[in-house]
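A.B. asks: Sharing protein_31.csv, CSV, C-alpha atoms and all ligand atoms:
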```csv
chain,number,residue,atom,x,y,z
A,1,MET,CA,6.9,3.3,2.1
A,2,THR,CA,3.4,2.2,1.4
A,3,SER,CA,2.0,2.6,-2.1
A,4,ILE,CA,-1.5,2.4,-0.9
A,5,VAL,CA,-3.5,5.6,-1.0
A,6,ARG,CA,-5.4,6.1,2.3
A,7,ASN,CA,-8.4,8.4,3.1
A,8,GLN,CA,-10.1,7.1,0.0
A,9,TRP,CA,-13.2,5.1,-1.0
A,10,TYR,CA,-12.5,1.7,-2.5
A,11,VAL,CA,-14.9,-0.9,-4.0
A,12,ALA,CA,-15.0,-3.7,-1.5
A,13,ALA,CA,-17.6,-5.9,-3.2
A,14,TYR,CA,-20.6,-6.1,-5.4
A,15,GLY,CA,-23.8,-5.6,-3.4
A,16,ARG,CA,-24.9,-9.1,-4.4
A,17,GLU,CA,-21.9,-10.6,-2.5
A,18,VAL,CA,-23.0,-9.2,0.8
A,19,GLY,CA,-26.0,-10.7,2.5
A,20,ARG,CA,-27.0,-12.5,5.7
A,21,GLU,CA,-23.8,-14.6,5.6
A,22,LEU,CA,-20.6,-13.3,7.1
A,23,PHE,CA,-18.4,-12.1,4.3
A,24,SER,CA,-14.7,-11.1,4.6
A,25,ARG,CA,-12.4,-9.4,2.2
A,26,THR,CA,-9.0,-7.8,2.8
A,27,ILE,CA,-9.0,-4.2,1.5
A,28,CYS,CA,-5.7,-2.2,1.6
A,29,GLY,CA,-4.2,-4.7,4.1
A,30,GLU,CA,-7.2,-4.6,6.5
A,31,SER,CA,-9.3,-7.7,7.0
A,32,ILE,CA,-12.9,-6.4,6.9
A,33,LEU,CA,-16.1,-8.3,7.8
A,34,PHE,CA,-19.2,-7.3,5.8
A,35,TRP,CA,-22.8,-8.3,6.5
A,36,ARG,CA,-26.3,-7.0,6.0
A,37,THR,CA,-28.5,-6.1,9.0
A,38,GLU,CA,-32.1,-7.4,9.0
A,39,ALA,CA,-33.1,-4.1,7.5
A,40,GLY,CA,-30.8,-4.7,4.6
A,41,GLU,CA,-28.0,-2.2,5.5
A,42,VAL,CA,-24.4,-3.2,4.7
A,43,THR,CA,-22.1,-3.0,7.7
A,44,ALA,CA,-18.3,-3.2,7.7
A,45,MET,CA,-16.1,-3.9,10.7
A,46,SER,CA,-12.8,-5.5,11.6
A,47,ASP,CA,-12.8,-9.2,10.9
A,48,ARG,CA,-10.8,-9.9,14.1
A,49,CYS,CA,-12.4,-10.5,17.4
A,50,VAL,CA,-10.9,-8.2,20.1
A,51,HIS,CA,-10.5,-11.2,22.5
A,52,ARG,CA,-8.0,-13.5,20.8
A,53,ARG,CA,-8.2,-12.3,17.2
A,54,PHE,CA,-10.3,-15.1,15.9
A,55,PRO,CA,-11.7,-14.1,12.4
A,56,LEU,CA,-15.4,-13.3,12.8
A,57,SER,CA,-16.0,-14.5,9.2
A,58,GLN,CA,-14.7,-18.0,10.3
A,59,ALA,CA,-17.3,-20.7,11.2
A,60,PRO,CA,-18.6,-21.3,13.7
A,61,SER,CA,-18.9,-17.5,14.1
A,62,HIS,CA,-22.4,-16.5,13.0
A,63,LEU,CA,-25.1,-13.9,12.9
A,64,VAL,CA,-27.9,-13.8,15.4
A,65,GLY,CA,-30.3,-11.1,14.4
A,66,ASP,CA,-28.2,-7.9,14.1
A,67,THR,CA,-25.3,-9.3,16.2
A,68,VAL,CA,-22.2,-11.3,15.3
A,69,VAL,CA,-21.2,-14.1,17.7
A,70,CYS,CA,-17.5,-15.0,17.7
A,71,GLY,CA,-17.2,-18.7,17.0
A,72,TYR,CA,-14.3,-19.1,19.5
A,73,HIS,CA,-15.6,-18.0,22.9
A,74,GLY,CA,-18.8,-16.1,22.1
A,75,PHE,CA,-17.9,-12.4,22.3
A,76,THR,CA,-21.0,-10.8,20.6
A,77,TYR,CA,-20.9,-7.6,18.7
A,78,GLY,CA,-23.7,-5.2,17.4
A,79,ALA,CA,-23.9,-3.6,14.0
A,80,ASP,CA,-22.0,-0.6,15.4
A,81,GLY,CA,-19.1,-2.8,16.4
A,82,GLY,CA,-19.7,-2.5,20.1
A,83,CYS,CA,-19.5,-5.7,22.1
A,84,VAL,CA,-22.8,-6.5,23.8
A,85,ALA,CA,-22.0,-9.7,25.5
A,86,VAL,CA,-18.9,-11.7,26.7
A,87,PRO,CA,-18.9,-15.2,28.3
A,88,GLY,CA,-18.8,-15.8,32.0
A,89,GLN,CA,-19.4,-12.2,33.3
A,90,THR,CA,-22.0,-9.5,32.9
A,91,ARG,CA,-19.6,-6.6,32.7
A,92,VAL,CA,-18.5,-5.9,29.1
A,93,PRO,CA,-15.1,-4.2,29.0
A,94,ARG,CA,-15.5,-0.7,27.6
A,95,THR,CA,-12.7,-1.3,25.1
A,96,ALA,CA,-14.4,-4.3,23.7
A,97,ARG,CA,-15.3,-2.6,20.4
A,98,LEU,CA,-14.5,-3.6,16.8
A,99,LYS,CA,-13.2,-0.9,14.4
A,100,THR,CA,-16.0,-0.1,12.0
A,101,TYR,CA,-15.7,1.4,8.5
A,102,PRO,CA,-17.9,3.8,6.6
A,103,VAL,CA,-19.7,2.0,3.8
A,104,PHE,CA,-21.9,3.1,1.0
A,105,GLU,CA,-23.8,1.2,-1.7
A,106,GLN,CA,-23.9,2.8,-5.1
A,107,ASP,CA,-24.0,1.7,-8.7
A,108,SER,CA,-24.1,-2.0,-7.7
A,109,PHE,CA,-20.9,-1.7,-5.7
A,110,VAL,CA,-20.2,-1.7,-1.9
A,111,TRP,CA,-17.7,1.1,-1.3
A,112,VAL,CA,-15.7,1.2,1.9
A,113,PHE,CA,-13.6,4.1,3.2
A,114,ILE,CA,-10.0,3.3,4.2
A,115,GLY,CA,-8.5,5.9,6.5
A,116,ASP,CA,-9.8,8.4,9.0
A,117,ALA,CA,-13.5,7.7,9.2
A,118,GLU,CA,-14.3,11.4,9.9
A,119,LYS,CA,-12.9,12.2,6.4
A,120,ALA,CA,-15.4,9.9,4.7
A,121,GLU,CA,-17.7,11.9,2.4
A,122,ALA,CA,-20.0,9.8,0.3
A,123,THR,CA,-20.4,12.6,-2.2
A,124,ALA,CA,-16.7,12.1,-3.1
A,125,ILE,CA,-17.4,8.6,-4.5
A,126,PRO,CA,-17.1,8.5,-8.3
A,127,ARG,CA,-20.1,7.2,-10.2
A,128,ALA,CA,-20.7,4.4,-12.7
A,129,PRO,CA,-24.4,4.8,-13.1
A,130,TRP,CA,-24.9,2.4,-16.0
A,131,LEU,CA,-24.2,-0.6,-13.8
A,132,ALA,CA,-27.6,-0.2,-12.1
A,133,GLN,CA,-29.7,1.8,-14.5
A,134,ASP,CA,-32.7,1.1,-16.8
A,135,GLY,CA,-31.7,1.0,-20.4
A,136,TRP,CA,-28.4,-0.9,-19.7
A,137,THR,CA,-27.6,-4.5,-19.2
A,138,THR,CA,-24.4,-5.4,-17.2
A,139,VAL,CA,-22.2,-8.4,-16.8
A,140,SER,CA,-19.5,-8.3,-14.1
A,141,GLY,CA,-17.0,-10.2,-12.0
A,142,MET,CA,-13.9,-9.9,-10.0
A,143,GLU,CA,-10.5,-11.6,-10.6
A,144,PRO,CA,-7.8,-11.7,-7.9
A,145,LEU,CA,-4.5,-10.3,-9.2
A,146,ALA,CA,-1.2,-11.3,-7.6
A,147,ALA,CA,0.3,-7.9,-8.6
A,148,ARG,CA,0.4,-4.4,-7.1
A,149,ALA,CA,-2.5,-2.1,-8.1
A,150,SER,CA,-0.2,0.3,-10.0
A,151,LEU,CA,0.5,-2.4,-12.6
A,152,LEU,CA,-3.3,-2.6,-13.3
A,153,VAL,CA,-3.5,1.2,-13.5
A,154,ASP,CA,-0.7,1.2,-16.1
A,155,ASN,CA,-2.3,-1.6,-18.0
A,156,LEU,CA,-5.7,0.0,-18.2
A,157,MET,CA,-4.5,3.5,-19.1
A,158,ASP,CA,-2.6,2.2,-22.1
A,159,LEU,CA,-5.0,0.2,-24.3
A,160,SER,CA,-2.4,-0.2,-27.1
A,161,HIS,CA,-1.7,-3.5,-25.3
A,162,GLU,CA,-5.1,-4.8,-26.6
A,163,THR,CA,-3.5,-5.4,-30.0
A,164,TYR,CA,-0.8,-7.7,-28.6
A,165,LEU,CA,-2.2,-9.2,-25.4
A,166,HIS,CA,-5.9,-9.4,-26.5
A,167,GLY,CA,-5.6,-10.2,-30.2
A,168,GLY,CA,-8.6,-12.3,-31.3
A,169,TYR,CA,-10.8,-10.8,-28.6
A,170,ILE,CA,-10.7,-7.0,-28.4
A,171,GLY,CA,-7.4,-6.1,-30.0
A,172,THR,CA,-7.0,-5.1,-33.7
A,173,PRO,CA,-4.0,-3.5,-35.4
A,174,GLU,CA,-5.7,-0.1,-35.3
A,175,VAL,CA,-5.7,0.2,-31.5
A,176,ALA,CA,-1.9,0.2,-31.3
A,177,ASN,CA,-1.6,2.3,-34.5
A,178,THR,CA,-3.9,5.1,-33.6
A,179,PRO,CA,-2.4,8.0,-31.5
A,180,ILE,CA,-4.1,9.0,-28.2
A,181,THR,CA,-4.9,12.4,-26.7
A,182,THR,CA,-4.7,12.9,-23.0
A,183,GLU,CA,-6.2,15.5,-20.8
A,184,VAL,CA,-5.8,15.9,-17.0
A,185,ASP,CA,-8.3,17.6,-14.7
A,186,ASP,CA,-6.0,18.1,-11.7
A,187,ALA,CA,-8.7,19.9,-9.7
A,188,ALA,CA,-11.2,17.0,-10.1
A,189,GLY,CA,-8.4,14.4,-10.0
A,190,VAL,CA,-9.5,12.8,-13.3
A,191,VAL,CA,-7.4,11.6,-16.3
A,192,TYR,CA,-8.9,11.3,-19.7
A,193,VAL,CA,-7.3,9.4,-22.6
A,194,SER,CA,-9.0,9.1,-25.9
A,195,ARG,CA,-8.4,7.1,-29.0
A,196,HIS,CA,-10.8,7.6,-31.9
A,197,MET,CA,-10.4,5.1,-34.8
A,198,ALA,CA,-12.3,6.2,-37.9
A,199,ASP,CA,-12.0,3.0,-39.9
A,200,ALA,CA,-11.1,-0.1,-37.9
A,201,GLU,CA,-11.5,-3.8,-38.0
A,202,CYS,CA,-14.3,-5.0,-35.8
A,203,PRO,CA,-12.9,-7.4,-33.1
A,204,PRO,CA,-14.9,-10.5,-32.2
A,205,PHE,CA,-15.9,-9.0,-28.9
A,206,TYR,CA,-18.0,-6.3,-30.7
A,207,ALA,CA,-18.8,-8.2,-33.9
A,208,LYS,CA,-20.5,-11.0,-32.1
A,209,SER,CA,-22.3,-8.8,-29.6
A,210,THR,CA,-23.5,-6.1,-31.9
A,211,GLY,CA,-24.0,-8.1,-35.1
A,212,ILE,CA,-21.9,-5.6,-37.1
A,213,THR,CA,-20.2,-7.4,-39.9
A,214,GLY,CA,-18.0,-4.8,-41.6
A,215,ARG,CA,-15.5,-2.2,-40.5
A,216,ILE,CA,-16.3,0.1,-37.7
A,217,THR,CA,-15.8,3.6,-36.3
A,218,ARG,CA,-14.4,2.8,-32.8
A,219,TRP,CA,-14.0,5.3,-30.0
A,220,GLN,CA,-12.3,4.6,-26.8
A,221,ASP,CA,-12.6,7.3,-24.2
A,222,ILE,CA,-11.0,6.5,-20.9
A,223,GLU,CA,-12.0,8.4,-17.7
A,224,PHE,CA,-10.0,7.4,-14.7
A,225,THR,CA,-10.6,8.8,-11.2
A,226,PRO,CA,-7.6,7.6,-9.2
A,227,PRO,CA,-7.1,5.6,-7.2
A,228,CYS,CA,-10.0,3.3,-7.7
A,229,LEU,CA,-12.5,3.8,-10.5
A,230,TYR,CA,-11.7,3.4,-14.2
A,231,LYS,CA,-14.3,3.8,-17.0
A,232,LEU,CA,-13.9,3.1,-20.7
A,233,HIS,CA,-16.6,4.8,-22.7
A,234,SER,CA,-16.6,2.6,-25.8
A,235,ARG,CA,-18.6,3.6,-28.9
A,236,ILE,CA,-18.9,1.3,-31.9
A,237,ALA,CA,-20.7,2.1,-35.1
A,238,PRO,CA,-20.6,1.1,-38.8
A,239,VAL,CA,-17.7,2.9,-40.4
A,240,GLY,CA,-18.4,6.6,-41.0
A,241,VAL,CA,-21.5,6.7,-38.7
A,242,LEU,CA,-21.1,9.6,-36.3
A,243,PRO,CA,-23.4,11.1,-33.6
A,244,ASP,CA,-26.1,13.4,-34.7
A,245,ASP,CA,-25.6,17.2,-34.5
A,246,ASP,CA,-27.9,17.4,-31.4
A,247,GLY,CA,-25.6,15.0,-29.6
A,248,THR,CA,-27.8,12.0,-29.8
A,249,ASP,CA,-26.3,8.8,-31.1
A,250,PRO,CA,-29.0,6.4,-32.1
A,251,ASP,CA,-27.0,4.4,-34.7
A,252,ALA,CA,-24.1,3.5,-32.5
A,253,PHE,CA,-23.6,0.8,-29.9
A,254,HIS,CA,-22.4,2.0,-26.5
A,255,VAL,CA,-20.5,-0.1,-24.0
A,256,GLU,CA,-19.3,1.2,-20.6
A,257,VAL,CA,-16.4,-0.9,-19.4
A,258,VAL,CA,-15.8,-0.3,-15.7
A,259,TYR,CA,-12.9,-1.4,-13.5
A,260,ALA,CA,-12.5,-0.9,-9.8
A,261,ILE,CA,-8.9,-1.3,-8.8
A,262,THR,CA,-8.8,-2.1,-5.1
A,263,PRO,CA,-5.5,-3.0,-3.4
A,264,GLU,CA,-5.8,-6.1,-1.3
A,265,THR,CA,-2.3,-5.7,0.0
A,266,GLU,CA,0.8,-3.9,-1.2
A,267,SER,CA,1.4,-6.5,-3.9
A,268,THR,CA,-2.1,-8.0,-4.6
A,269,THR,CA,-5.2,-6.4,-6.0
A,270,HIS,CA,-8.9,-7.0,-6.4
A,271,ASP,CA,-9.7,-6.6,-10.1
A,272,PHE,CA,-13.4,-5.8,-10.4
A,273,TRP,CA,-14.7,-5.6,-13.9
A,274,ALA,CA,-18.1,-4.8,-15.4
A,275,VAL,CA,-19.4,-4.4,-19.0
A,276,ALA,CA,-22.6,-2.5,-19.4
A,277,ARG,CA,-24.3,-2.2,-22.9
A,278,ASP,CA,-27.2,-0.2,-24.3
A,279,PHE,CA,-28.2,-2.9,-26.9
A,280,ALA,CA,-29.5,-6.5,-26.9
A,281,LEU,CA,-30.7,-5.7,-23.4
A,282,ASP,CA,-32.6,-9.0,-22.9
A,283,ASP,CA,-30.4,-11.2,-25.0
A,284,GLU,CA,-29.0,-13.8,-22.6
A,285,GLY,CA,-26.7,-15.1,-25.4
A,286,VAL,CA,-25.1,-11.7,-25.7
A,287,SER,CA,-24.7,-11.5,-21.9
A,288,ASP,CA,-23.1,-14.9,-21.7
A,289,PHE,CA,-20.8,-14.1,-24.6
A,290,LEU,CA,-19.7,-10.7,-23.2
A,291,ARG,CA,-19.2,-12.2,-19.7
A,292,GLU,CA,-17.1,-15.0,-20.9
A,293,SER,CA,-15.1,-12.9,-23.4
A,294,ASN,CA,-14.4,-10.1,-20.9
A,295,ARG,CA,-13.4,-12.5,-18.2
A,296,THR,CA,-11.0,-14.2,-20.7
A,297,VAL,CA,-9.5,-10.8,-21.5
A,298,VAL,CA,-9.2,-9.9,-17.9
A,299,LEU,CA,-7.5,-13.2,-17.2
A,300,GLN,CA,-5.0,-12.5,-20.0
A,301,ASP,CA,-4.1,-9.3,-18.2
A,302,VAL,CA,-3.9,-11.1,-14.9
A,303,VAL,CA,-1.4,-13.7,-16.3
A,304,ALA,CA,0.7,-10.9,-17.7
A,305,LEU,CA,0.6,-8.7,-14.6
A,306,ASP,CA,1.3,-11.6,-12.2
A,307,VAL,CA,4.4,-12.3,-14.2
A,308,LEU,CA,5.4,-8.7,-14.2
A,309,GLU,CA,5.0,-8.4,-10.4
A,310,LYS,CA,7.4,-11.3,-10.0
A,311,VAL,CA,9.9,-9.8,-12.3
A,312,LEU,CA,9.7,-6.4,-10.6
A,313,THR,CA,10.0,-7.9,-7.1
A,314,GLY,CA,13.2,-9.6,-8.2
A,315,GLU,CA,14.9,-6.5,-9.6
A,316,PRO,CA,16.9,-4.0,-7.7
A,317,ASP,CA,15.2,-0.7,-6.8
A,318,GLY,CA,15.8,2.3,-9.1
A,319,TYR,CA,15.5,0.5,-12.5
A,320,GLN,CA,14.9,3.0,-15.3
A,321,GLU,CA,11.7,2.7,-17.3
A,322,LEU,CA,11.4,4.1,-20.8
A,323,SER,CA,8.2,5.8,-21.5
A,324,ILE,CA,6.7,6.9,-24.9
A,325,ASN,CA,3.6,8.7,-26.1
A,326,ILE,CA,1.2,5.9,-25.2
A,327,ASP,CA,2.2,6.2,-21.6
A,328,THR,CA,1.1,9.8,-21.1
A,329,GLY,CA,-2.2,8.9,-19.4
A,330,GLY,CA,-0.5,6.3,-17.2
A,331,LEU,CA,2.1,8.8,-16.1
A,332,ALA,CA,-0.6,11.4,-15.3
A,333,ALA,CA,-2.4,8.8,-13.3
A,334,ARG,CA,0.8,8.0,-11.3
A,335,ARG,CA,1.3,11.7,-10.6
A,336,ILE,CA,-2.2,12.0,-9.2
A,337,ILE,CA,-1.9,8.8,-7.2
A,338,ALA,CA,1.4,10.0,-5.7
A,339,ARG,CA,-0.3,13.3,-4.7
A,340,LEU,CA,-3.2,11.5,-3.1
A,341,ALA,CA,-0.8,9.1,-1.3
A,342,ALA,CA,1.1,12.1,0.1
A,343,GLU,CA,-2.2,13.8,1.1
A,344,GLY,CA,-3.2,10.6,2.9
A,345,THR,CA,0.0,10.4,4.9
A,346,GLY,CA,0.7,14.1,5.3
A,347,GLU,CA,4.0,13.8,3.4
A,348,ALA,CA,5.0,16.0,0.6
A,349,ALA,CA,4.2,14.7,-2.9
A,350,PRO,CA,7.2,13.6,-5.0
A,351,ALA,CA,8.2,16.4,-7.4
A,352,ALA,CA,8.3,14.2,-10.5
A,353,PRO,CA,6.6,11.0,-11.7
A,354,PRO,CA,8.8,7.9,-11.2
A,355,ALA,CA,9.7,7.5,-14.8
A,356,ARG,CA,11.6,9.4,-17.5
A,357,THR,CA,9.5,12.0,-19.3
A,358,PRO,CA,8.7,10.7,-22.7
A,359,ALA,CA,10.5,12.4,-25.5
A,360,GLY,CA,8.3,14.7,-27.5
A,361,VAL,CA,5.3,14.3,-25.2
A,362,ARG,CA,3.8,17.4,-23.8
A,363,SER,CA,3.1,17.7,-20.2
A,364,PRO,CA,-0.1,15.6,-19.6
A,365,ALA,CA,-1.7,18.7,-18.0
A,366,ALA,CA,-1.1,20.7,-21.2
A,367,ALA,CA,-2.2,18.0,-23.7
A,368,THR,CA,-5.6,18.3,-25.3
A,369,ARG,CA,-8.1,15.6,-25.6
A,401,LIG,S1,-11.5,-15.0,20.1
A,401,LIG,FE1,-13.4,-14.3,19.9
A,401,LIG,S2,-14.4,-14.7,21.7
A,401,LIG,FE2,-12.4,-15.4,22.0
A,402,FE,FE,-6.0,-5.7,-21.1
```
Here is a file; write its structure as structure tokens.
C.D. replies:
Amino acid sequence: MTSIVRNQWYVAAYGREVGRELFSRTICGESILFWRTEAGEVTAMSDRCVHRRFPLSQAPSHLVGDTVVCGYHGFTYGADGGCVAVPGQTRVPRTARLKTYPVFEQDSFVWVFIGDAEKAEATAIPRAPWLAQDGWTTVSGMEPLAARASLLVDNLMDLSHETYLHGGYIGTPEVANTPITTEVDDAAGVVYVSRHMADAECPPFYAKSTGITGRITRWQDIEFTPPCLYKLHSRIAPVGVLPDDDGTDPDAFHVEVVYAITPETESTTHDFWAVARDFALDDEGVSDFLRESNRTVVLQDVVALDVLEKVLTGEPDGYQELSINIDTGGLAARRIIARLAAEGTGEAAPAAPPARTPAGVRSPAAATR
């Protein structure tokens, strides 16, 4: 059975990746061709010519105005996927049409809808406004992951791994030692996991970018909208400094760490990452440092998850995991993803998450933040 949730929007690319060159990316097992029309609109269509399946992203395929010319025998397609010319005859077969995909550009991302196009509702796309908003500066990238998307979901929902996997970058002992609170909004399909550290060591990632030299108050508030968009609202302030009573927070540094988790195939994933900050907005040195550091951290996860994928692939089905308190958010995410997957296929959702309920952990739905 597929683990990929259909009838969903996924991040396919950054807007900057799609232009007047033919660009291809496999999303949820489908090879999709992206390009911009002369008016600047992003279009998405199958990357396989209907004639003999030649990839339309493959040279010498090319754009002519707002048409794509197949580089093999010259079938030519318009921005709506319809074939407008074939070689050697004037009649274009009625079935000569590429599958097209709903696309929507928002918050620096190109989102694509995978599933029944008539179910695509752009208002359902979760937001990450900081990535393209005045008052914030963002660095971003994408790393290919040779592991299934669910392993990245597990990884991001449980940040206690920062202490061990990312020591010297973003991990300090307090991350693993501080308990989390979890809240699930089943109606909205959002999982919240919070870890507020009142008095913590400042990891190099934040010390070098903010200039804070002493200990910090560090808040990590995760907001995950399965299956694709993960946001970590990160607040860093000198120890003891809290937001003002009116909710403003002028003495803290805010970082929005955004991940888009897009399945490429059943066992590989596009790991989009972005780090937006509300300080040192024009400081190129800080941008370079955060870009390099975050990429290093992401690659530490990639190495670990690629290994884990190999291990899991080699094991018999039905192995028993052991979950503890730190896994509450991850288990809640799995439950929502299982429900979405069932809705996407019309099958009934599994009754229980595919793991043992952690001893002493309240139902995620009943837990408070
Ligand atoms: S494969 Fe594209 S025109 Fe023949
Ligand atoms: Fe990590």
A.B. asks: Name the residues, by chain letter and number, that sit within 9 Å of ligand LIG 401 (chain A) using only C-alpha atoms and all ligand atoms, and give them as a ChimeraX atom specification.
C.D. replies: /A:48-56,61,69-76,86-87
A.B. asks: Write out, as CSV, each residue of chain A that has an atom at most 7 Å from ligand FE 402 (chain A), together with the closest pair of atoms and their distance in Å to one decimal, counting all atoms listed in the file, rows going by chain and rising number.
C.D. replies:
```
residue,atom,partner,partner_atom,distance
A:Asn155,CA,A:FE402,FE,6.3
A:Leu156,CA,A:FE402,FE,6.4
A:Leu159,CA,A:FE402,FE,6.8
A:His161,CA,A:FE402,FE,6.4
A:Glu162,CA,A:FE402,FE,5.6
A:Leu165,CA,A:FE402,FE,6.7
A:His166,CA,A:FE402,FE,6.5
A:Val297,CA,A:FE402,FE,6.2
A:Val298,CA,A:FE402,FE,6.2
A:Gln300,CA,A:FE402,FE,7.0
A:Asp301,CA,A:FE402,FE,5.0
```
A.B. asks: Could you jot down the atom CA of Ile337 of chain A to atom CA of Ser160 of chain A separation for me, Å, one decimal place?
C.D. replies: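 One can read the atom CA of Ile337 of chain A to atom CA of Ser160 of chain A distance as 21.8 Å.
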A.B. asks: Using Å and a single decimal, report how far atom CA of Leu151 of chain A sits from atom CA of Val103 of chain A.
C.D. replies: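 Separation between atom CA of Val103 of chain A and atom CA of Leu151 of chain A: 26.4 Å.
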A.B. asks: Compare A:Tyr230, A:Trp219, A:Phe272, A:Phe23 by their minimum atom-to-atom distance to Ala252 of chain A, counting only C-alpha atoms, and give me the closest one.
C.D. replies: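 The answer is A:Trp219, which sits nearest to Ala252 of chain A.
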A.B. asks: Considering only C-alpha atoms, can you say which of A:Met157, A:Met197, A:Val184, A:Leu22 comes closest to His62 of chain A?
C.D. replies: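 The answer is A:Leu22, which sits nearest to His62 of chain A.
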A.B. asks: Find the residues near Thr26 of chain A: any atom within 10 Å, counting only C-alpha atoms, skip ones fewer than 6 places away on the same chain, and give them as a VMD selection string.
C.D. replies: chain A and resid 12 32 to 33 46 to 47 262 to 265 269 to 270
A.B. asks: What is the distance between atom CA of Cys28 of chain A and atom CA of Asp158 of chain A, in Å to one decimal?
C.D. replies: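 Result for atom CA of Cys28 of chain A versus atom CA of Asp158 of chain A: 24.3 Å, one decimal.
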A.B. asks: A:Gly65, A:Pro144, A:Ile125, A:Gln320: which is nearest Ala39 of chain A, counting all atoms listed in the file?
C.D. replies: A:Gly65
A.B. asks: Show which residues sit within 9 Å of Tyr77 of chain A, as JSON, numbers by chain. Count only C-alpha atoms, and ignore same-chain residues fewer than 2 positions away.
C.D. replies: {"A": [66, 67, 68, 69, 70, 75, 79, 80, 81, 82, 83, 84, 85, 96, 97, 98]}
A.B. asks: What's the 10 Å shell around Gln8 of chain A, counting all atoms listed in the file, without same-chain residues fewer than 5 positions away, as a PDB file with C-alpha atoms, keeping the file's coordinate frame?
C.D. replies:
```pdb
ATOM      1  CA  TRP A 111     -17.700   1.100  -1.300  1.00  0.00           C
ATOM      2  CA  VAL A 112     -15.700   1.200   1.900  1.00  0.00           C
ATOM      3  CA  PHE A 113     -13.600   4.100   3.200  1.00  0.00           C
ATOM      4  CA  ILE A 114     -10.000   3.300   4.200  1.00  0.00           C
ATOM      5  CA  GLY A 115      -8.500   5.900   6.500  1.00  0.00           C
ATOM      6  CA  ASP A 116      -9.800   8.400   9.000  1.00  0.00           C
ATOM      7  CA  ALA A 117     -13.500   7.700   9.200  1.00  0.00           C
ATOM      8  CA  LYS A 119     -12.900  12.200   6.400  1.00  0.00           C
ATOM      9  CA  ALA A 120     -15.400   9.900   4.700  1.00  0.00           C
ATOM     10  CA  GLU A 121     -17.700  11.900   2.400  1.00  0.00           C
ATOM     11  CA  ALA A 124     -16.700  12.100  -3.100  1.00  0.00           C
ATOM     12  CA  ILE A 125     -17.400   8.600  -4.500  1.00  0.00           C
ATOM     13  CA  PRO A 226      -7.600   7.600  -9.200  1.00  0.00           C
ATOM     14  CA  PRO A 227      -7.100   5.600  -7.200  1.00  0.00           C
ATOM     15  CA  CYS A 228     -10.000   3.300  -7.700  1.00  0.00           C
ATOM     16  CA  LEU A 340      -3.200  11.500  -3.100  1.00  0.00           C
ATOM     17  CA  ALA A 341      -0.800   9.100  -1.300  1.00  0.00           C
ATOM     18  CA  GLY A 344      -3.200  10.600   2.900  1.00  0.00           C
TER      19      GLY A 344
END
```
A.B. asks: Would you list the residues near (-13.3, -8.5, -11.9), meaning any protein, DNA or RNA residue with an atom at most 8 Å from that point in file coordinates, counting only C-alpha atoms, as a list of chain:residue names?
C.D. replies: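 The residues near that point, listed by chain and number, are A:Ser140, A:Gly141, A:Met142, A:Glu143, A:Pro144, A:Tyr259, A:Ala260, A:His270, A:Asp271, A:Phe272, A:Trp273, A:Ala274, A:Arg295, A:Val298.
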A.B. asks: Between A:Val307, A:Val139, A:Ile326, A:Ile4, single out the one closest to Asn177 of chain A, counting only C-alpha atoms.
C.D. replies: A:Ile326
